Amino acid sequence: MDRGNVYMGRILLVDLDKGSCEEEELSEDLIEEYIGGAAINLALYERFKDRDPVVLGTGLLTGTFAPAGCAGVLTGKSPVTDSVCHVPLLGQTAVELKYSGFDFVVILGKSEKPVRLWLHDELAEVAGASDVWGKDVWETTDKLRFEHGDDYVQILCIGPAGEKGSLLAQVSESYWGSRDIFGLGASLGKKKLKAIAMRGLGNLELAEGFFDECVQLKNEIASGRIRGFQGLVPILESLGADPGGLKALEARVHRNIASFNCTYPYNSFVMIEEDPKLLKESQKQEPGLLLTDPAGVASLLFLKEGLPAVLRKINRLGLEPAACGRILAQQGVSNVSEAEKSLAAFLVEGFSLDGQGVENVCGVAPWALPVHTEARLVQASCLFSHSLPPRPALGSFEDFSVSQNPVERARWWLERQATCLILGICPLSALLSPELSLEKMAGLAAKACQWDSLTEDAILGKARGVVRKTAVLGRPKGKVPPAWQDPEFESFSKGLLQGG
Amino acid sequence: MDLAVESLKCTGCRICEYACNYHHDLDCSAIGASLMLHRVEKKNYFGMMVKGERNLLLARPEGPELVAPGAQVEGAGASSKPILMRAPCDRCEGEDEPFCVKACPTGCLFMKA
């Protein structure tokens with residue numbers, strides 16, 4: 001295996017109790033045993049589980065030419081469900097992390113004072129964060145980028161919600177929120193870790209022929225299921241979102257943005273205080289926001305024209321949008337100023353969905369659009385973020401040749417998430433494009449690092465291992481919505497995590 | 001034939017930078033590329049910059065602009081500096097098609113007579 005084609009070869013252990021960092025080699029043995037991403041995260045989590053670890057990891061193909069190779073993964077114990085969860089990182093964060101010289105970062109213990117981490121050029125530094133503690137997500141991102149003198153520094157940070165310990169707190173990827181529906185923002189707040197800033201100027205080696213194979217798969221994806229679509233609106237439309245709310249949103253869409261090396265641009269920028277048709281650079285500093293989260297947008301659609309401004313506030317505060325949407329709807333909030341007043345009350349220690357009189361799955365906001373049993377099963381497992389969404393989009397299960405059995409479908413979804421998060425392939429792209437098959441992903445993974453025995457079966461085996469082990473590490477403490485509770489659902493749920 | 005950019009087709013995925021670097025340095029990175037995405041993230045204003053042998057192509061959304069070395073450019077942030085130190089685009093001499101064109105998922109980069 002050629003490790004240098006896929007990984008930098010470095011694990012960083014950050015001891016917040018001492019304010020120090022230590023490096024370890026990412027050995028070929030560890031890669032051979034776990035492959036990468038979520039599987040290595042889980043191994044590191046188990047190794048350090050007495051020190052409340054939050055593990056930030058990159059996949060085997062993260063940051064390579066492999067189509068949709070943008071993904072990283074955060075693994076930790078959710079303060080909401082009290083069980084171990086995996087949250088995908090999309091956008092540019094994971095790519096920047098790998099090229100900064102670190103494949104995995106294990107955050108241990110708790111700092112007494114607010115701190116931040118700066119990763120660049122194979123160097124890691126824990127620094128004081130009193131200058132950004134108290135600032136919102138956007139102010140923090142701006143300040144750290146300014147300080148490091150580079151607009152391309154990527155930031156993982158928390159806002160006031162995480163600092164105060166609200167269970168609706170989300171870790172944010174730069175300005176635009178994340179798929180963290182499990183309250184890991186509150187975990188970082190408890191550790192007094194305000195931000196991780198990353199800049200990657202490193203390089204990976206490249207196997208002969210890998211580039212051309214990646215281009216070929218990219219072309220198949222581009223001319224496949226996604227052809228003719230762009231942005232977040234078609235995704236939500238295909239999942240049954242309210243056409244009225246979507247129409248209001250579509251009217252504000254400026255341009256769609258792809259995460260790193262993703263063929264389908266699923267992020268949509270919406271203008272708030274600017275003409276969406278503007279081509280020149282706006283004279284306003286903050287004219288709109290990038291929508292990155294299908295679940296959050298789906299949950300806030302009832303606000304119609306008010307959605308972008310409310311979501312911008314939610315992102316700035318570092319709150320989880322889907323959960324906020326549930327509560328705002330329950331409160332009968334109908335405009336931006338009412339919403340802003342309500343959101344302020346969410347920023348208190350221990351604030352959670354449970355107790356607000358709204359439907360929740362073990363304390364987490366359920367997917368806001370209509371779903372069948374299989375999507376309820378994956379949500380009830382609380383293993384992976386279901387904000388992606390919890391089922392294929394633009395197309396159907398049939399496009400992926402998955403049987404009609406709900407348990408089989410739910411298992412397929414879990415295993416596809418685990419596979420993507422081991423390999424570093426965007427799990428949302430993998431729900432849009434059947435062309436991104438396990439066979440193709442395995443072929444690219446084996447080619448990338450000249451690892452002949454890295455077969456489909458080997459990867460699927462590790463993915464199943466991640467699902468099983470994560471489930472064994474803790475069962476979510478909360479309950480599923482009463483409407484889901486029946487003996488059949490319970491037996492399906494047990495079968496899902498015991499079988500396979 | 002020269003490299004052209006249809007800026008409004010760009011979705012900012014950045015794989016062209018890595019593809020270009022692969023041509024120059026035979027590895028996977030973005031630091032040696034002749035082209036780079038200039039992005040003012042909070043305004044969603046973005047376009048490609050391509051370093052040519054005698055000029056710099058600024059493929060702005062509102063229309064392309066060719067600037068000479070040393071010219072003052074409106075709106076250039078800290079992130080636009082590094083490209084001036086890089087190797088110019090040679091249209092991947094010796095290859096059937098430039099790597100950035102091959103890798104681009106939207107057809108935003110193409111060859112034009």
# chains A, B, ... in the order shown; residues from 1 in each chain; ligands from 1
call {"tool": "interface_residues", "arguments": {"of": "chain B", "to": "chain A", "cutoff": "9 Å", "atoms": "only C-alpha atoms", "output": "compact mmCIF listing (two decimals) with C-alpha atoms, in the first residue's frame"}}
result
# COMPACT_ATOMS: atom_id res chain seq x y z
CA LEU B 8 -21.22 31.53 -14.63
CA CYS B 10 -18.43 27.46 -12.33
CA THR B 11 -19.70 25.94 -9.07
CA GLY B 12 -16.48 26.53 -7.13
CA CYS B 13 -15.57 22.85 -6.55
CA ARG B 14 -11.86 23.65 -6.98
CA ILE B 15 -10.84 20.35 -8.60
CA CYS B 16 -9.37 22.28 -11.57
CA TYR B 18 -5.61 20.18 -8.24
CA ALA B 19 -5.75 18.95 -11.85
CA TYR B 22 -1.00 17.45 -11.24
CA LEU B 26 2.69 15.16 -10.78
CA ASP B 27 1.10 15.18 -7.34
CA CYS B 28 -2.17 16.10 -5.68
CA SER B 29 -2.17 19.62 -4.25
CA ALA B 30 -3.37 23.08 -5.20
CA ILE B 31 -0.32 25.17 -4.49
CA ARG B 39 -13.91 33.63 -3.81
CA VAL B 40 -15.38 36.31 -1.59
CA GLU B 41 -17.30 33.76 0.41
CA LYS B 42 -19.83 35.87 2.29
CA LYS B 43 -20.87 37.68 -0.91
CA ASN B 44 -20.90 34.55 -3.07
CA TYR B 45 -18.72 36.42 -5.55
CA PHE B 46 -16.32 34.05 -7.24
CA ARG B 60 -15.25 37.44 -13.35
CA PRO B 61 -18.95 36.56 -13.27
CA GLU B 62 -19.75 39.89 -14.96
CA GLY B 63 -17.28 39.22 -17.76
CA GLY B 75 -11.31 43.86 -5.36
CA GLY B 77 -7.95 40.18 -1.73
CA ALA B 78 -5.06 38.51 0.06
CA SER B 79 -5.99 35.23 -1.59
CA LYS B 102 -10.95 17.14 -18.17
CA ALA B 103 -11.60 17.43 -14.45
CA CYS B 104 -14.17 20.25 -14.53
CA PRO B 105 -17.66 18.85 -13.81
CA THR B 106 -19.61 21.70 -15.42
call {"tool": "select_by_dssp", "arguments": {"residues": "chain B", "states": "strand (DSSP E or B)", "output": "tab-separated table (two decimals) with C-alpha atoms, in the first residue's frame"}}
result
chain	number	residue	atom	x	y	z
B	2	ASP	CA	-6.34	28.88	-25.57
B	3	LEU	CA	-7.98	28.10	-22.27
B	4	ALA	CA	-11.30	29.91	-21.79
B	5	VAL	CA	-13.63	30.19	-18.82
B	28	CYS	CA	-2.17	16.10	-5.68
B	35	LEU	CA	-5.29	28.81	-12.03
B	36	MET	CA	-7.14	29.43	-8.84
B	37	LEU	CA	-10.61	30.13	-7.60
B	38	HIS	CA	-10.98	33.64	-6.21
B	39	ARG	CA	-13.91	33.63	-3.81
B	40	VAL	CA	-15.38	36.31	-1.59
B	45	TYR	CA	-18.72	36.42	-5.55
B	46	PHE	CA	-16.32	34.05	-7.24
B	47	GLY	CA	-14.46	33.36	-10.47
B	48	MET	CA	-11.31	31.77	-11.83
B	49	MET	CA	-7.95	33.48	-12.20
B	50	VAL	CA	-5.70	31.96	-14.86
B	51	LYS	CA	-2.07	32.93	-15.07
B	56	LEU	CA	-3.59	37.21	-15.94
B	57	LEU	CA	-7.12	36.25	-16.96
B	58	LEU	CA	-9.69	37.30	-14.38
B	59	ALA	CA	-12.80	35.31	-15.30
B	60	ARG	CA	-15.25	37.44	-13.35
B	63	GLY	CA	-17.28	39.22	-17.76
B	64	PRO	CA	-13.61	38.33	-18.34
B	65	GLU	CA	-10.80	40.80	-17.95
B	66	LEU	CA	-7.16	40.46	-18.97
B	67	VAL	CA	-4.69	42.28	-16.80
B	109	LEU	CA	-13.33	25.50	-18.52
B	110	PHE	CA	-12.81	24.78	-22.23
B	111	MET	CA	-10.46	25.30	-25.17
B	112	LYS	CA	-11.27	28.07	-27.59
call {"tool": "residues_around", "arguments": {"residues": "Cys449 of chain A", "least_positions_apart": "2", "cutoff": "12 Å", "atoms": "only C-alpha atoms", "output": "PyMOL selection string"}}
result
chain A and resi 1-7+28+31-32+35+60-61+64+66+204-210+442-447+451-454
call {"tool": "write_last_selection", "arguments": {"atoms": "N, CA and C atoms", "output": "short mmCIF file (atom, residue, chain, number, x, y, z; two decimals), in the first residue's frame"}}
result
data_model
loop_
_atom_site.label_atom_id
_atom_site.label_comp_id
_atom_site.auth_asym_id
_atom_site.auth_seq_id
_atom_site.Cartn_x
_atom_site.Cartn_y
_atom_site.Cartn_z
N MET A 1 0.85 -1.21 0.00
CA MET A 1 0.00 0.00 0.00
C MET A 1 0.88 1.26 0.00
N ASP A 2 0.50 2.22 -0.80
CA ASP A 2 1.24 3.49 -0.81
C ASP A 2 0.50 4.51 0.05
N ARG A 3 0.88 4.58 1.30
CA ARG A 3 0.17 5.46 2.23
C ARG A 3 0.20 6.91 1.79
N GLY A 4 1.34 7.32 1.25
CA GLY A 4 1.52 8.73 0.87
C GLY A 4 0.60 9.20 -0.25
N ASN A 5 -0.11 8.24 -0.89
CA ASN A 5 -1.08 8.63 -1.92
C ASN A 5 -2.42 9.06 -1.33
N VAL A 6 -2.63 8.68 -0.07
CA VAL A 6 -3.96 8.95 0.51
C VAL A 6 -3.92 9.66 1.86
N TYR A 7 -2.82 9.49 2.57
CA TYR A 7 -2.75 10.10 3.89
C TYR A 7 -1.41 10.80 4.13
N GLU A 28 0.65 2.17 8.67
CA GLU A 28 0.01 1.36 7.62
C GLU A 28 -0.79 0.24 8.26
N ILE A 31 -4.19 1.59 9.07
CA ILE A 31 -4.98 1.75 7.85
C ILE A 31 -5.44 0.38 7.35
N GLU A 32 -4.53 -0.59 7.38
CA GLU A 32 -4.91 -1.93 6.91
C GLU A 32 -6.01 -2.53 7.77
N ILE A 35 -9.02 0.89 7.43
CA ILE A 35 -9.12 1.64 6.16
C ILE A 35 -9.01 3.16 6.35
N LEU A 60 -10.16 7.85 3.52
CA LEU A 60 -9.04 7.39 2.69
C LEU A 60 -8.89 8.26 1.44
N LEU A 61 -10.02 8.67 0.84
CA LEU A 61 -9.96 9.41 -0.43
C LEU A 61 -10.25 10.90 -0.28
N THR A 64 -8.68 13.83 -2.57
CA THR A 64 -8.05 13.28 -3.77
C THR A 64 -8.93 13.60 -4.98
N ALA A 66 -10.81 11.54 -6.39
CA ALA A 66 -12.02 10.71 -6.36
C ALA A 66 -13.25 11.61 -6.32
N LEU A 204 -0.31 15.22 -1.71
CA LEU A 204 -0.36 13.76 -1.71
C LEU A 204 0.29 13.28 -3.00
N GLU A 205 0.85 12.09 -2.94
CA GLU A 205 1.38 11.49 -4.18
C GLU A 205 0.20 10.91 -4.96
N LEU A 206 0.48 10.46 -6.18
CA LEU A 206 -0.62 10.03 -7.03
C LEU A 206 -0.24 8.75 -7.78
N ALA A 207 -1.14 7.77 -7.73
CA ALA A 207 -0.88 6.52 -8.47
C ALA A 207 -1.13 6.75 -9.97
N GLU A 208 -0.37 6.07 -10.78
CA GLU A 208 -0.53 6.21 -12.23
C GLU A 208 -1.92 5.72 -12.65
N GLY A 209 -2.58 6.50 -13.47
CA GLY A 209 -3.89 6.10 -13.99
C GLY A 209 -5.06 6.49 -13.09
N PHE A 210 -4.77 6.90 -11.85
CA PHE A 210 -5.84 7.24 -10.91
C PHE A 210 -6.65 8.44 -11.39
N ALA A 442 -14.89 1.37 -4.37
CA ALA A 442 -13.86 0.40 -3.96
C ALA A 442 -12.74 0.36 -5.00
N GLY A 443 -13.12 0.39 -6.28
CA GLY A 443 -12.12 0.37 -7.35
C GLY A 443 -11.18 1.55 -7.24
N LEU A 444 -11.74 2.73 -6.98
CA LEU A 444 -10.90 3.93 -6.86
C LEU A 444 -10.02 3.88 -5.61
N ALA A 445 -10.61 3.37 -4.52
CA ALA A 445 -9.85 3.30 -3.27
C ALA A 445 -8.64 2.39 -3.44
N ALA A 446 -8.87 1.23 -4.06
CA ALA A 446 -7.77 0.27 -4.27
C ALA A 446 -6.70 0.86 -5.19
N LYS A 447 -7.17 1.53 -6.23
CA LYS A 447 -6.25 2.12 -7.20
C LYS A 447 -5.44 3.26 -6.57
N TRP A 451 -3.64 -0.84 -3.36
CA TRP A 451 -3.96 -1.80 -2.29
C TRP A 451 -4.92 -2.82 -2.89
N ASP A 452 -4.37 -3.88 -3.45
CA ASP A 452 -5.16 -4.81 -4.25
C ASP A 452 -6.25 -5.53 -3.46
N SER A 453 -5.99 -5.78 -2.19
CA SER A 453 -7.00 -6.55 -1.43
C SER A 453 -8.12 -5.66 -0.87
N LEU A 454 -8.10 -4.39 -1.22
CA LEU A 454 -9.17 -3.49 -0.76
C LEU A 454 -10.37 -3.65 -1.71
#
call {"tool": "decode", "arguments": {"residues": "segment 21-39 of chain B", "atoms": "N, CA and C atoms", "output": "short mmCIF file (atom, residue, chain, number, x, y, z; two decimals), in the first residue's frame"}}
result
data_model
loop_
_atom_site.label_atom_id
_atom_site.label_comp_id
_atom_site.auth_asym_id
_atom_site.auth_seq_id
_atom_site.Cartn_x
_atom_site.Cartn_y
_atom_site.Cartn_z
N ASN B 21 -2.27 21.43 -10.97
CA ASN B 21 -1.07 21.13 -10.20
C ASN B 21 -0.52 19.75 -10.56
N TYR B 22 -1.42 18.81 -10.85
CA TYR B 22 -1.00 17.45 -11.24
C TYR B 22 -0.17 17.52 -12.52
N HIS B 23 -0.61 18.34 -13.45
CA HIS B 23 0.16 18.51 -14.69
C HIS B 23 1.57 19.06 -14.40
N HIS B 24 1.63 20.07 -13.56
CA HIS B 24 2.94 20.70 -13.31
C HIS B 24 3.84 19.86 -12.41
N ASP B 25 3.27 19.30 -11.35
CA ASP B 25 4.11 18.70 -10.30
C ASP B 25 3.91 17.20 -10.12
N LEU B 26 2.97 16.60 -10.87
CA LEU B 26 2.69 15.16 -10.78
C LEU B 26 2.26 14.71 -9.39
N ASP B 27 1.65 15.62 -8.62
CA ASP B 27 1.10 15.18 -7.34
C ASP B 27 -0.25 15.84 -7.12
N CYS B 28 -0.84 15.59 -5.97
CA CYS B 28 -2.17 16.10 -5.68
C CYS B 28 -2.06 17.21 -4.64
N SER B 29 -2.32 18.44 -5.08
CA SER B 29 -2.17 19.62 -4.25
C SER B 29 -2.77 20.77 -5.05
N ALA B 30 -2.85 21.95 -4.42
CA ALA B 30 -3.37 23.08 -5.20
C ALA B 30 -2.35 24.21 -5.29
N ILE B 31 -1.19 24.00 -4.66
CA ILE B 31 -0.32 25.17 -4.49
C ILE B 31 0.51 25.53 -5.71
N GLY B 32 0.60 24.62 -6.68
CA GLY B 32 1.41 24.95 -7.85
C GLY B 32 0.58 25.18 -9.09
N ALA B 33 -0.72 25.36 -8.93
CA ALA B 33 -1.60 25.48 -10.10
C ALA B 33 -1.49 26.85 -10.76
N SER B 34 -1.70 26.85 -12.07
CA SER B 34 -1.68 28.11 -12.83
C SER B 34 -3.03 28.82 -12.75
N LEU B 35 -3.99 28.14 -12.17
CA LEU B 35 -5.29 28.81 -12.03
C LEU B 35 -5.79 28.64 -10.61
N MET B 36 -6.60 29.56 -10.19
CA MET B 36 -7.14 29.43 -8.84
C MET B 36 -8.49 30.12 -8.72
N LEU B 37 -9.29 29.57 -7.85
CA LEU B 37 -10.61 30.13 -7.60
C LEU B 37 -10.45 31.33 -6.66
N HIS B 38 -10.94 32.48 -7.10
CA HIS B 38 -10.98 33.64 -6.21
C HIS B 38 -12.41 33.72 -5.68
N ARG B 39 -12.55 33.69 -4.37
CA ARG B 39 -13.91 33.63 -3.81
C ARG B 39 -14.05 34.57 -2.64
#
